[in-house]
Amino acid sequence: MSLAVSKRVQRVKPSPTVALTGRVAQLKAEGKDIIGLGAGEPDFDTPAHIADAGVEAIRGGFTRYTPVEGNADLKDAIIAKFKRENGLDYTRAQILVSSGAKQTIFNLVLAVVDPGDEVVIPAPYWVSYPDMVLLADGVPVMPYAGPEQHYKLAPEQLEAAITPKTRLVILNSPSNPTGAAYTRAELRALGEVLMRHPQIIVCPDDMYEHIYWADEPFCTLASVCPELYDRTVTVNGVSKAYAMTGWRIGYCGGPVEIVTAMATIQSQSSSNASSIAQKAAVTALNAGQECVREMTAHFKKRHDFVVEGLNKLPGVSCLPGAGTFYAFAHIERAMEIVSAKDDTAFCEYLLNHAGVAVVPGSGFGAPGHMRLSFACSMQTLEEALRRMDKALRAAQEA
């Protein structure tokens, strides 16, 4: 007898990036020689001074519950970070610490979206955004910005996507999966659209703020458009910049009433984030940032190498990104070379014929693309590109 699950969970699908990581692990366990370029996490160890802070927390007995919304010293470190790096002023009541920025955004969606409410999510998007909205009984609205506009939403597209039912807009910059980042002028133009719609809450997802190398300094929406400060929930975390994915610390700053509602939801789900990880995050935010700059310099070198290599592959084109550790390549001509009916079939071809695992672009709302992570060694990337080139040229000559 099969047991029924809720209609809510039937509306969503497992994360394709997580599923690919699991599949690669299984294939490796079976003895297959697979290069996995799906996982979105740095290959560096957590910097020693941050890890040491976690060890000290354990040895010091900081292993009990903290306040649901986060410990005071971490809140203060987040407040200082927002002020120092983004020019944003928050109080402790405006800060929420969660078990990763994914939970932060999920809290926000549940806190503000009622059944039938619409959430604008520019495509290409991070895979979890639409499913979070569906779990809240909301409606994801996903205007597409393709390579011809460097994967960045235009103001007129945003305006066209907004209806009286629009409740939330999520903006991820630099973007997972594309690496594209909005300039100050581009954010201002989007902000001016949002100013005309006072019912809309805005969520800038700045998770990749520090893995960034564009000429113009990074900026976030609330600092560019202070007029939107009172309805902007700015999300960030320590996972990517500090190689702390497993520590699970995300955070946000926003209006007291929304942050309080998010904390209420969190109190009935996970309660507080790990007390030990919170102590490590305090050190990450307050200590010197040289470790971040060093890791970002490595990511930039890998980015340049991978983008150049992808553009040499038959039928593949890839725009350079402004940050993150992902390359997002257009593969429609390559799909024709291997007679793949869609990007999923193409990525399956690479897995079977090249032993390289990448994520189909359709999972990010961008069919005809593939995403690969370059958060691995140059030696691994060289071999992955060599294998893909060999497989595609063999298909081309067949």
# chains A, B, ... in the order shown; residues from 1 in each chain; ligands from 1
$ closest_atom_pairs --of "stretch 108-191 of chain A" --to "stretch 228-244 of chain A" --cutoff "10 Å" --atoms "only C-alpha atoms" --output "tab-separated table"
residue	atom	partner	partner_atom	distance
A:Leu108	CA	A:Val233	CA	8.3
A:Leu168	CA	A:Thr232	CA	9.7
A:Val169	CA	A:Thr232	CA	9.6
A:Ile170	CA	A:Val233	CA	9.7
A:Leu171	CA	A:Thr234	CA	9.8
A:Asn172	CA	A:Val235	CA	9.5
A:Gly191	CA	A:Leu228	CA	7.5
$ select_by_dssp --residues "stretch 63-203 of chain A" --states "strand (DSSP E or B)" --output "PyMOL selection string"
chain A and resi 95-98+118-120+123+139-141+144+166-172+201-203
$ closest_residue --among "A:Asp342, A:Ser270, A:Ala111, A:Ile200" --to "A:Glu257" --atoms "only C-alpha atoms"
A:Ala111
$ residues_around --residues "A:Lys312" --least-positions-apart "3" --cutoff "12 Å" --atoms "only C-alpha atoms" --output "mmCIF file with N, CA and C atoms, in the first residue's frame"
data_model
loop_
_atom_site.group_PDB
_atom_site.id
_atom_site.type_symbol
_atom_site.label_atom_id
_atom_site.label_comp_id
_atom_site.auth_asym_id
_atom_site.auth_seq_id
_atom_site.Cartn_x
_atom_site.Cartn_y
_atom_site.Cartn_z
ATOM 1 N N PHE A 305 40.269 30.654 -16.972
ATOM 2 C CA PHE A 305 40.685 29.436 -17.661
ATOM 3 C C PHE A 305 39.482 28.674 -18.213
ATOM 4 N N VAL A 306 38.452 28.514 -17.398
ATOM 5 C CA VAL A 306 37.285 27.724 -17.797
ATOM 6 C C VAL A 306 36.499 28.417 -18.903
ATOM 7 N N VAL A 307 36.284 29.720 -18.777
ATOM 8 C CA VAL A 307 35.533 30.435 -19.805
ATOM 9 C C VAL A 307 36.256 30.345 -21.149
ATOM 10 N N GLU A 308 37.566 30.536 -21.129
ATOM 11 C CA GLU A 308 38.335 30.415 -22.369
ATOM 12 C C GLU A 308 38.227 28.997 -22.931
ATOM 13 N N GLY A 309 38.325 28.004 -22.049
ATOM 14 C CA GLY A 309 38.249 26.623 -22.503
ATOM 15 C C GLY A 309 36.886 26.244 -23.048
ATOM 16 N N GLY A 315 30.534 24.007 -30.574
ATOM 17 C CA GLY A 315 29.139 24.314 -30.318
ATOM 18 C C GLY A 315 28.837 24.940 -28.979
ATOM 19 N N VAL A 316 29.859 25.335 -28.227
ATOM 20 C CA VAL A 316 29.654 25.887 -26.888
ATOM 21 C C VAL A 316 30.100 27.351 -26.857
ATOM 22 N N SER A 317 29.318 28.189 -26.184
ATOM 23 C CA SER A 317 29.726 29.582 -25.967
ATOM 24 C C SER A 317 29.442 29.951 -24.519
ATOM 25 N N CYS A 318 30.315 30.764 -23.946
ATOM 26 C CA CYS A 318 30.196 31.096 -22.527
ATOM 27 C C CYS A 318 30.619 32.538 -22.301
ATOM 28 N N ALA A 329 27.199 28.033 -19.648
ATOM 29 C CA ALA A 329 27.509 27.978 -21.077
ATOM 30 C C ALA A 329 26.268 27.698 -21.911
ATOM 31 N N ALA A 334 25.953 22.667 -29.598
ATOM 32 C CA ALA A 334 26.582 21.428 -29.151
ATOM 33 C C ALA A 334 25.554 20.315 -29.012
ATOM 34 N N LEU A 385 37.849 19.690 -19.140
ATOM 35 C CA LEU A 385 37.742 20.330 -20.449
ATOM 36 C C LEU A 385 38.319 19.448 -21.547
ATOM 37 N N ARG A 386 39.407 18.766 -21.252
ATOM 38 C CA ARG A 386 40.004 17.854 -22.235
ATOM 39 C C ARG A 386 39.015 16.751 -22.591
ATOM 40 N N MET A 388 35.688 16.755 -22.264
ATOM 41 C CA MET A 388 34.532 17.276 -22.995
ATOM 42 C C MET A 388 34.888 17.574 -24.435
ATOM 43 N N ASP A 389 36.056 18.147 -24.642
ATOM 44 C CA ASP A 389 36.499 18.460 -26.000
ATOM 45 C C ASP A 389 36.628 17.180 -26.829
ATOM 46 N N LYS A 390 37.221 16.165 -26.248
ATOM 47 C CA LYS A 390 37.400 14.889 -26.969
ATOM 48 C C LYS A 390 36.057 14.276 -27.340
ATOM 49 N N LEU A 392 33.073 15.761 -27.669
ATOM 50 C CA LEU A 392 32.313 16.549 -28.635
ATOM 51 C C LEU A 392 32.934 16.463 -30.028
ATOM 52 N N ARG A 393 34.268 16.439 -30.098
ATOM 53 C CA ARG A 393 34.908 16.351 -31.412
ATOM 54 C C ARG A 393 34.708 14.964 -32.024
#
$ residues_around --residues "A:Gln268" --least-positions-apart "5" --cutoff "12 Å" --atoms "only C-alpha atoms" --output "ChimeraX atom specification"
/A:68-69,107,261-263
$ write_last_selection --atoms "N, CA and C atoms" --output "short mmCIF file (atom, residue, chain, number, x, y, z; two decimals), in the first residue's frame"
data_model
loop_
_atom_site.label_atom_id
_atom_site.label_comp_id
_atom_site.auth_asym_id
_atom_site.auth_seq_id
_atom_site.Cartn_x
_atom_site.Cartn_y
_atom_site.Cartn_z
N VAL A 68 16.53 32.14 19.33
CA VAL A 68 16.13 31.69 18.00
C VAL A 68 16.71 32.57 16.91
N GLU A 69 16.68 33.86 17.14
CA GLU A 69 17.08 34.80 16.09
C GLU A 69 18.59 34.99 15.98
N ASN A 107 12.27 31.17 5.10
CA ASN A 107 11.55 31.89 6.16
C ASN A 107 10.83 33.11 5.60
N ALA A 261 8.53 38.16 12.01
CA ALA A 261 7.70 37.08 11.46
C ALA A 261 8.55 35.91 11.00
N MET A 262 9.68 36.19 10.39
CA MET A 262 10.60 35.14 9.95
C MET A 262 11.13 34.36 11.15
N ALA A 263 11.45 35.07 12.22
CA ALA A 263 11.94 34.41 13.44
C ALA A 263 10.87 33.53 14.06
#
$ residues_around --residues "A:Glu156" --least-positions-apart "6" --cutoff "10 Å" --atoms "only C-alpha atoms" --output "ChimeraX atom specification"
/A:189-190,193
$ residues_around --residues "stretch 24-33 of chain A" --least-positions-apart "6" --cutoff "9 Å" --atoms "only C-alpha atoms" --output "ChimeraX atom specification"
/A:355-357
$ write_last_selection --atoms "C-alpha atoms" --output "PDB file, in the first residue's frame"
ATOM      1  CA  GLY A 355      32.835  11.132 -17.491  1.00  0.00           C
ATOM      2  CA  VAL A 356      32.050  14.762 -16.604  1.00  0.00           C
ATOM      3  CA  ALA A 357      29.000  15.711 -14.548  1.00  0.00           C
TER       4      ALA A 357
END
$ atom_distance --atom1 "atom CA of A:Thr324" --atom2 "atom CA of A:Gln149"
18.6 Å
$ residues_around --residues "A:Phe299" --least-positions-apart "6" --cutoff "12 Å" --atoms "only C-alpha atoms" --output "JSON, numbers by chain"
{"A": [41, 42, 43, 44, 179, 208, 210, 211, 212, 213, 240, 241, 292, 293, 305, 306, 307, 321, 322, 323, 324, 325, 326, 327, 373, 374, 375, 376, 377, 378, 381]}
$ atom_distance --atom1 "atom CA of A:Pro130" --atom2 "atom CA of A:Val12"
8.7 Å
$ select_by_dssp --residues "stretch 127-360 of chain A" --states "alpha helix (DSSP H)" --output "ChimeraX atom specification"
/A:128-135,155-161,184-195,221-224,256-267,275-286,290-310,332-337,343-353
$ closest_residue --among "A:Ile58, A:Ala123, A:Cys225, A:Ala340" --to "A:Pro140" --atoms "only C-alpha atoms"
A:Ala123
$ closest_residue --among "A:Lys152, A:Gln289, A:Ala136, A:Lys81" --to "A:Ser175" --atoms "only C-alpha atoms"
A:Lys152
